[in-house]
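Asks: Here it is, the structure in full.
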Amino acid sequence: MPKVPVMQAVADVLESEGVDTVFGCPGAAILPLYQALQHRDIKHLIVRHEEGATHMADGWARTNGRVGTAVGTSGPAGTNMITGLYTAQADSIPMVCITGQAVSSKLHQEAFQAVDIVSVAEPVTKWSVQVKEAAQAPWIFREAFRTARCGRPGPVLIDLPLDVQRQEIEWDSALDAPLPAHPVEPHQPRVERALDMLLAAQRPLLLAGGGVVLADAHEQLRELSDLLGIPVQVTLMGKGSFPEDHERFAGMTGIQTSQRYGNQSFLESDLVLALGARFGDRHTGALEVYRGQREFIHVDIDPTQIGKVFGPDLGVVSDTELFLRALISAARRRKAQPDYSRWLDRIGELKKTLTRPEDYDTTPIKAPRVFKEINEIFGPETYFVTAIGLYQIWSGQFQRTHRPRHYQVCGQAGPLGWEIPAAIGVKSAEPDAEVVAVVGDYSFQFLVEELAVAAQYRLPFVLIMLNNEYLGLIRMAEEGYGMNTEVDIHYDEHGTDNVKVMEAYGCSGRRVDEPGELAEAIEWARAEAAVTSRPVLVEVMIEREGNTANGVRIDALTEPEPV
């Protein structure tokens, strides 16, 4: 078997695993890998901060379902990746992060930029490993990719000491291939019991979580709904798995990202089939209200998720697509024809009556008006990214989505600054797609330097900023404490001139103060992004102290406006 540089073998593995784009920042301790990546069919984007690299890999992976890849050097490069690893772990996103490391013999001597990154990353990864023997490297990389994508997907960190990277090993890539992934199939008796429970219910709901999106099970979800006539709700992470203009779409339940008709539909249901959902606290609110007297079937690929928040009436460990296929097959075999027409009529009535206003013409601009314009201007093929704050909640409440993987949100970790690098990742995965990032004025500033990456590599997208010059979500939370403290970031006339920030990176932007200007400004941004091949900002000055609907129980939300 021929001898080759070990990093050449690693680069062969990356190509074989479907990696065509890497997001990273070179440093002295990772240069042998960069040497091996030269002249490969792998595009590399130089990030301005390693956290940005992880969020780019995250957006890339969410878009195409493959394993994202981020690279950094030793020391602070790895510690800068921790937030991105946590975000990927929380939302079950497959990712491999590669770090350089000081030479093995110096690790105990506190060498320059030597840190035990494996231990640091362990709590926020599926696997964190240092390659100690060069001959192990390609095998560890193979197992890393299998680990990242199998079962509940998630991130892996591989740490490469410099001396290990410099060695040669016996390796023949012609004999190599990705390691097999073993599907998680449902236990048939539990499938049959689930069908029994569905058919016995009078007012069932299918609840599609992020696991439906990750498993590409949206077609089977639609098929089951069509076959049995069961209405569908989505969680925030499941948004896009079922078209929101469908007559059987029953909205979203939650104490933040929800619709009024969604919460009421849930409260009137008598059985919930939860598919790849983890019952997050922003979805459930007070558990005694959420659970009520209704029955729950919980399907999840990760057995440790079942019973973590509350014990369901039936738990099923399975990939959601395989479970849905088995359930559909069982229903066809039994010739099941339940009649849920009265239940569907009731949901249709709720959708017409339990609404929230969005067609505001007042100044300052009210946030729901922004999402009204977004819904009317952009088609279902548009990719959206958004992060955390009042704007995420407004987005969940008002923005309509129709396709899986086209609405991306860092749901559990919620790191500020996620949107710009995530949009770069999405655009890198789908170069011909239109990409829109919905941001807040505070989050925009956290990783704003990554605009330089989009400008350098000509990756256009539209940024729609909701600017209230506040830490708006925290200001709203402080109302419960009777205070308004350390959340006002206004200064001078408009605080930070975000249009000039865009211009500093060679991009462009426009500020909007009047609701009647919104549509024209957004259309201008779309055209400008296409012409310049760079990000374009529409900065919308919204009312400073506008709130979202919120509360602690899904049956008792406080509405900020008359409804």
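By convention here, the chains of the structure tokens are called A, B, ... in the order presented, each chain's residues are numbered starting at 1, and ligands are numbered starting at 1 in the order presented.
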Which residues of region 339-426 of chain A come within 9 Å of region 443-451 of chain A, and what is each one's closest atom pair and distance in Å (one decimal), counting only C-alpha atoms, sorted by chain and residue number, as CSV?
Replies:
```
residue,atom,partner,partner_atom,distance
A:Ala387,CA,A:Ser443,CA,8.0
A:Ile388,CA,A:Ser443,CA,7.9
A:Gly389,CA,A:Ser443,CA,8.4
A:Pro415,CA,A:Ser443,CA,8.4
A:Leu416,CA,A:Ser443,CA,4.7
A:Gly417,CA,A:Phe446,CA,4.6
A:Trp418,CA,A:Leu447,CA,7.4
A:Glu419,CA,A:Phe444,CA,7.7
A:Ile420,CA,A:Glu450,CA,6.7
A:Pro421,CA,A:Glu450,CA,6.2
A:Ile424,CA,A:Glu450,CA,8.5
```
Asks: Any idea what's packed within 9 Å of region 26-40 of chain A, counting only C-alpha atoms, ignoring anything in its chain fewer than 3 positions away? Could you give it as a PyMOL selection string?
Replies: chain A and resi 5-11+15+43-44+46+71-74+77+98-103+160-162+165-166
Asks: For the residues in the current selection, export N, CA, C and O atoms as an mmCIF file, in the first residue's frame.
Replies:
```
data_model
loop_
_atom_site.group_PDB
_atom_site.id
_atom_site.type_symbol
_atom_site.label_atom_id
_atom_site.label_comp_id
_atom_site.auth_asym_id
_atom_site.auth_seq_id
_atom_site.Cartn_x
_atom_site.Cartn_y
_atom_site.Cartn_z
ATOM 1 N N PRO A 5 1.114 11.505 2.673
ATOM 2 C CA PRO A 5 0.954 12.397 3.833
ATOM 3 C C PRO A 5 -0.411 12.158 4.480
ATOM 4 O O PRO A 5 -1.426 12.040 3.788
ATOM 5 N N VAL A 6 -0.446 12.104 5.786
ATOM 6 C CA VAL A 6 -1.682 11.764 6.467
ATOM 7 C C VAL A 6 -2.790 12.774 6.175
ATOM 8 O O VAL A 6 -3.970 12.411 6.066
ATOM 9 N N MET A 7 -2.420 14.037 6.008
ATOM 10 C CA MET A 7 -3.449 15.034 5.719
ATOM 11 C C MET A 7 -3.987 14.877 4.294
ATOM 12 O O MET A 7 -5.119 15.282 4.010
ATOM 13 N N GLN A 8 -3.236 14.284 3.402
ATOM 14 C CA GLN A 8 -3.760 13.964 2.076
ATOM 15 C C GLN A 8 -4.862 12.912 2.200
ATOM 16 O O GLN A 8 -5.903 13.006 1.537
ATOM 17 N N ALA A 9 -4.630 11.926 3.061
ATOM 18 C CA ALA A 9 -5.656 10.907 3.299
ATOM 19 C C ALA A 9 -6.910 11.541 3.897
ATOM 20 O O ALA A 9 -8.041 11.197 3.524
ATOM 21 N N VAL A 10 -6.714 12.491 4.815
ATOM 22 C CA VAL A 10 -7.853 13.184 5.420
ATOM 23 C C VAL A 10 -8.626 13.981 4.367
ATOM 24 O O VAL A 10 -9.864 13.968 4.327
ATOM 25 N N ALA A 11 -7.898 14.684 3.497
ATOM 26 C CA ALA A 11 -8.560 15.442 2.434
ATOM 27 C C ALA A 11 -9.331 14.523 1.502
ATOM 28 O O ALA A 11 -10.427 14.862 1.025
ATOM 29 N N GLU A 15 -13.472 14.795 0.736
ATOM 30 C CA GLU A 15 -14.096 14.786 -0.590
ATOM 31 C C GLU A 15 -15.080 13.628 -0.719
ATOM 32 O O GLU A 15 -16.188 13.786 -1.248
ATOM 33 N N LYS A 43 -14.096 24.112 -2.028
ATOM 34 C CA LYS A 43 -13.987 25.563 -1.909
ATOM 35 C C LYS A 43 -13.775 25.933 -0.449
ATOM 36 O O LYS A 43 -14.417 25.375 0.443
ATOM 37 N N HIS A 44 -12.880 26.873 -0.203
ATOM 38 C CA HIS A 44 -12.615 27.333 1.155
ATOM 39 C C HIS A 44 -12.951 28.810 1.265
ATOM 40 O O HIS A 44 -12.545 29.616 0.425
ATOM 41 N N ILE A 46 -12.527 32.076 3.706
ATOM 42 C CA ILE A 46 -11.767 32.591 4.852
ATOM 43 C C ILE A 46 -12.708 33.410 5.732
ATOM 44 O O ILE A 46 -13.176 34.480 5.329
ATOM 45 N N VAL A 71 -13.030 24.779 10.021
ATOM 46 C CA VAL A 71 -11.622 24.521 10.337
ATOM 47 C C VAL A 71 -11.026 25.733 11.043
ATOM 48 O O VAL A 71 -11.291 26.882 10.678
ATOM 49 N N GLY A 72 -10.215 25.472 12.053
ATOM 50 C CA GLY A 72 -9.488 26.531 12.736
ATOM 51 C C GLY A 72 -8.175 26.015 13.272
ATOM 52 O O GLY A 72 -7.906 24.815 13.268
ATOM 53 N N THR A 73 -7.377 26.913 13.751
ATOM 54 C CA THR A 73 -6.075 26.536 14.286
ATOM 55 C C THR A 73 -6.212 26.192 15.771
ATOM 56 O O THR A 73 -7.291 25.839 16.249
ATOM 57 N N SER A 74 -5.137 26.289 16.512
ATOM 58 C CA SER A 74 -5.133 25.880 17.914
ATOM 59 C C SER A 74 -5.599 27.002 18.835
ATOM 60 O O SER A 74 -5.799 28.145 18.410
ATOM 61 N N ALA A 77 -8.872 29.583 18.479
ATOM 62 C CA ALA A 77 -9.703 29.174 17.338
ATOM 63 C C ALA A 77 -10.726 28.142 17.790
ATOM 64 O O ALA A 77 -11.918 28.226 17.450
ATOM 65 N N ILE A 98 -12.760 21.013 12.839
ATOM 66 C CA ILE A 98 -11.378 20.526 12.868
ATOM 67 C C ILE A 98 -10.492 21.627 13.435
ATOM 68 O O ILE A 98 -10.522 22.764 12.950
ATOM 69 N N THR A 99 -9.715 21.276 14.461
ATOM 70 C CA THR A 99 -8.803 22.255 15.059
ATOM 71 C C THR A 99 -7.368 21.758 14.986
ATOM 72 O O THR A 99 -7.101 20.551 15.106
ATOM 73 N N GLY A 100 -6.461 22.693 14.785
ATOM 74 C CA GLY A 100 -5.047 22.390 14.940
ATOM 75 C C GLY A 100 -4.675 22.378 16.411
ATOM 76 O O GLY A 100 -5.428 22.839 17.274
ATOM 77 N N GLN A 101 -3.511 21.836 16.689
ATOM 78 C CA GLN A 101 -3.057 21.743 18.086
ATOM 79 C C GLN A 101 -1.533 21.793 18.119
ATOM 80 O O GLN A 101 -0.866 21.436 17.130
ATOM 81 N N ALA A 102 -0.999 22.254 19.232
ATOM 82 C CA ALA A 102 0.458 22.237 19.417
ATOM 83 C C ALA A 102 0.970 20.802 19.322
ATOM 84 O O ALA A 102 0.202 19.844 19.426
ATOM 85 N N VAL A 103 2.282 20.651 19.124
ATOM 86 C CA VAL A 103 2.850 19.307 18.999
ATOM 87 C C VAL A 103 2.611 18.526 20.288
ATOM 88 O O VAL A 103 2.581 19.087 21.388
ATOM 89 N N LEU A 160 -6.164 18.061 15.961
ATOM 90 C CA LEU A 160 -5.021 17.497 15.233
ATOM 91 C C LEU A 160 -3.699 18.117 15.703
ATOM 92 O O LEU A 160 -3.356 19.237 15.300
ATOM 93 N N PRO A 161 -2.934 17.425 16.536
ATOM 94 C CA PRO A 161 -1.606 17.941 16.896
ATOM 95 C C PRO A 161 -0.733 18.106 15.658
ATOM 96 O O PRO A 161 -0.824 17.315 14.698
ATOM 97 N N LEU A 162 0.094 19.117 15.673
ATOM 98 C CA LEU A 162 0.884 19.462 14.494
ATOM 99 C C LEU A 162 1.823 18.332 14.077
ATOM 100 O O LEU A 162 1.997 18.060 12.882
ATOM 101 N N GLN A 165 -0.047 15.731 12.144
ATOM 102 C CA GLN A 165 -0.386 16.182 10.793
ATOM 103 C C GLN A 165 0.777 16.055 9.811
ATOM 104 O O GLN A 165 0.555 15.938 8.596
ATOM 105 N N ARG A 166 1.983 16.078 10.311
ATOM 106 C CA ARG A 166 3.164 16.092 9.432
ATOM 107 C C ARG A 166 3.612 14.699 9.007
ATOM 108 O O ARG A 166 4.528 14.550 8.198
#
```
Asks: Just the residues within 12 Å of Arg544 (chain A), please, counting only C-alpha atoms, with nothing from its chain fewer than 6 positions along; format it as a list in words.
Replies: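 Everything that qualifies: Thr363, Pro364, Ile365, Lys366, Ala367, Leu390, Asp441, Leu466, Asn467, Asn468, Glu469, Tyr470, Leu471, Gly472, Leu473, Arg475, Met476, Val487, Asp488, Ile489, His490 and His494 of chain A.
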Asks: Enumerate as a VMD selection string all residues of region 270-331 of chain A assigned to strand (DSSP E) by DSSP on the backbone, naming them with the chain letters and numbers the document uses.
Replies: chain A and resid 271 to 275 295 to 300 314 to 317
Asks: Which residues of region 173-281 of chain A sit at most 12 Å from region 285-301 of chain A, using only C-alpha atoms? Give each one's shortest atom pair and distance in Å (one decimal place), in chain and ascending residue order, as a tab-separated table.
Replies:
```
residue	atom	partner	partner_atom	distance
A:His182	CA	A:Ile301	CA	12.0
A:Pro183	CA	A:Ile301	CA	9.6
A:Val184	CA	A:Ile301	CA	6.8
A:Glu185	CA	A:Ile301	CA	8.8
A:Pro186	CA	A:Val299	CA	9.1
A:His187	CA	A:Val299	CA	11.2
A:Arg190	CA	A:Ile297	CA	9.9
A:Val191	CA	A:Val299	CA	9.9
A:Arg193	CA	A:Ile297	CA	9.7
A:Ala194	CA	A:Ile297	CA	6.9
A:Leu195	CA	A:Ile297	CA	10.1
A:Asp196	CA	A:Ile297	CA	11.2
A:Met197	CA	A:Ile297	CA	8.6
A:Leu198	CA	A:Ile297	CA	9.2
A:Ala200	CA	A:Glu295	CA	10.9
A:Ala201	CA	A:Glu295	CA	9.0
A:Gln202	CA	A:Arg294	CA	10.8
A:Arg203	CA	A:Arg294	CA	9.6
A:Pro204	CA	A:Glu295	CA	9.2
A:Leu205	CA	A:Phe296	CA	9.8
A:Leu206	CA	A:Ile297	CA	9.7
A:Leu207	CA	A:His298	CA	9.5
A:Ala208	CA	A:Val299	CA	10.2
A:Gly209	CA	A:Asp300	CA	9.7
A:Gly210	CA	A:Asp300	CA	10.3
A:Gly211	CA	A:Asp300	CA	7.5
A:Val212	CA	A:Asp300	CA	9.7
A:Leu214	CA	A:Ile301	CA	10.8
A:Ala215	CA	A:Ile301	CA	9.8
A:Thr253	CA	A:Tyr290	CA	9.4
A:Gly254	CA	A:Gly285	CA	6.6
A:Ile255	CA	A:Gly285	CA	5.8
A:Gln256	CA	A:Gly285	CA	9.1
A:Thr257	CA	A:Gly285	CA	11.3
A:Ser258	CA	A:Gly285	CA	11.5
A:Asn263	CA	A:Tyr290	CA	9.6
A:Gln264	CA	A:Tyr290	CA	11.1
A:Ser265	CA	A:Tyr290	CA	11.8
A:Phe266	CA	A:Tyr290	CA	8.4
A:Leu267	CA	A:Tyr290	CA	7.5
A:Glu268	CA	A:Arg294	CA	8.9
A:Ser269	CA	A:Arg294	CA	6.8
A:Asp270	CA	A:Arg294	CA	4.4
A:Leu271	CA	A:Glu295	CA	4.6
A:Val272	CA	A:Phe296	CA	4.9
A:Leu273	CA	A:Ile297	CA	4.8
A:Ala274	CA	A:His298	CA	4.9
A:Leu275	CA	A:Val299	CA	5.0
A:Gly276	CA	A:Asp300	CA	4.8
A:Ala277	CA	A:Asp300	CA	7.2
A:Arg278	CA	A:Asp300	CA	8.2
A:Phe279	CA	A:Gly285	CA	9.4
A:Gly280	CA	A:Gly285	CA	8.4
A:Asp281	CA	A:Gly285	CA	5.5
```
Asks: Emit the selected residues as a compact mmCIF listing (two decimals), in the first residue's frame, including C-alpha atoms.
Replies:
```
# COMPACT_ATOMS: atom_id res chain seq x y z
CA HIS A 182 -27.75 1.98 10.15
CA PRO A 183 -31.34 3.26 9.96
CA VAL A 184 -33.41 3.42 13.14
CA GLU A 185 -36.60 1.53 12.26
CA PRO A 186 -39.73 1.49 14.43
CA HIS A 187 -40.91 -1.50 16.43
CA ARG A 190 -45.72 0.31 18.62
CA VAL A 191 -46.65 1.47 15.13
CA ARG A 193 -50.62 0.88 18.82
CA ALA A 194 -50.03 4.41 17.53
CA LEU A 195 -52.55 3.78 14.75
CA ASP A 196 -55.05 2.38 17.26
CA MET A 197 -54.77 5.55 19.31
CA LEU A 198 -55.09 7.83 16.28
CA ALA A 200 -59.78 6.19 18.51
CA ALA A 201 -59.27 9.95 18.81
CA GLN A 202 -61.91 12.52 17.88
CA ARG A 203 -59.66 15.56 17.55
CA PRO A 204 -56.08 14.40 16.75
CA LEU A 205 -53.16 16.60 15.71
CA LEU A 206 -49.92 15.72 13.98
CA LEU A 207 -47.12 17.82 15.50
CA ALA A 208 -44.13 18.09 13.17
CA GLY A 209 -40.87 18.98 14.90
CA GLY A 210 -37.38 19.53 13.59
CA GLY A 211 -36.93 15.78 13.22
CA VAL A 212 -39.33 15.80 10.27
CA LEU A 214 -33.89 16.58 9.36
CA ALA A 215 -35.23 13.23 8.13
CA THR A 253 -48.55 26.24 19.61
CA GLY A 254 -46.41 28.06 22.12
CA ILE A 255 -46.01 30.88 24.59
CA GLN A 256 -43.99 32.91 22.07
CA THR A 257 -43.83 31.70 18.47
CA SER A 258 -47.46 30.72 17.98
CA ASN A 263 -52.94 27.50 20.66
CA GLN A 264 -56.72 27.08 20.69
CA SER A 265 -56.58 24.18 18.23
CA PHE A 266 -54.07 22.48 20.47
CA LEU A 267 -56.16 23.09 23.59
CA GLU A 268 -59.19 21.49 21.92
CA SER A 269 -57.27 18.44 20.66
CA ASP A 270 -57.57 15.07 22.38
CA LEU A 271 -54.45 13.37 20.96
CA VAL A 272 -51.09 14.68 19.73
CA LEU A 273 -48.73 12.60 17.60
CA ALA A 274 -45.40 14.40 18.08
CA LEU A 275 -42.85 13.63 15.36
CA GLY A 276 -39.23 14.53 16.08
CA ALA A 277 -40.20 17.24 18.57
CA ARG A 278 -38.52 17.71 21.94
CA PHE A 279 -41.27 19.64 23.79
CA GLY A 280 -39.15 22.74 24.38
CA ASP A 281 -40.30 25.07 27.12
```
Asks: Check the smallest atom-to-atom distance from each of A:Tyr383, A:Thr401, A:Phe112, A:Met541 to Asp245 (chain A) using only C-alpha atoms, then report the winner.
Replies: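 Closest residue, counting only C-alpha atoms: A:Thr401.
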Asks: If we count only C-alpha atoms, what is near Ser128 (chain A) at a cut-off of 7 Å, once residues fewer than 2 positions away on the same chain are taken out, given as a list in words?
Replies: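 Everything that qualifies: Val118, Ala121, Glu122, Thr125, Lys126, Val156, Leu157 and Ile158 of chain A.
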Asks: Using only C-alpha atoms, pick whichever of A:Ser92, A:Thr362, A:Asn547, A:Thr79 has the shortest atom-to-atom distance to Cys150 (chain A).
Replies: A:Ser92
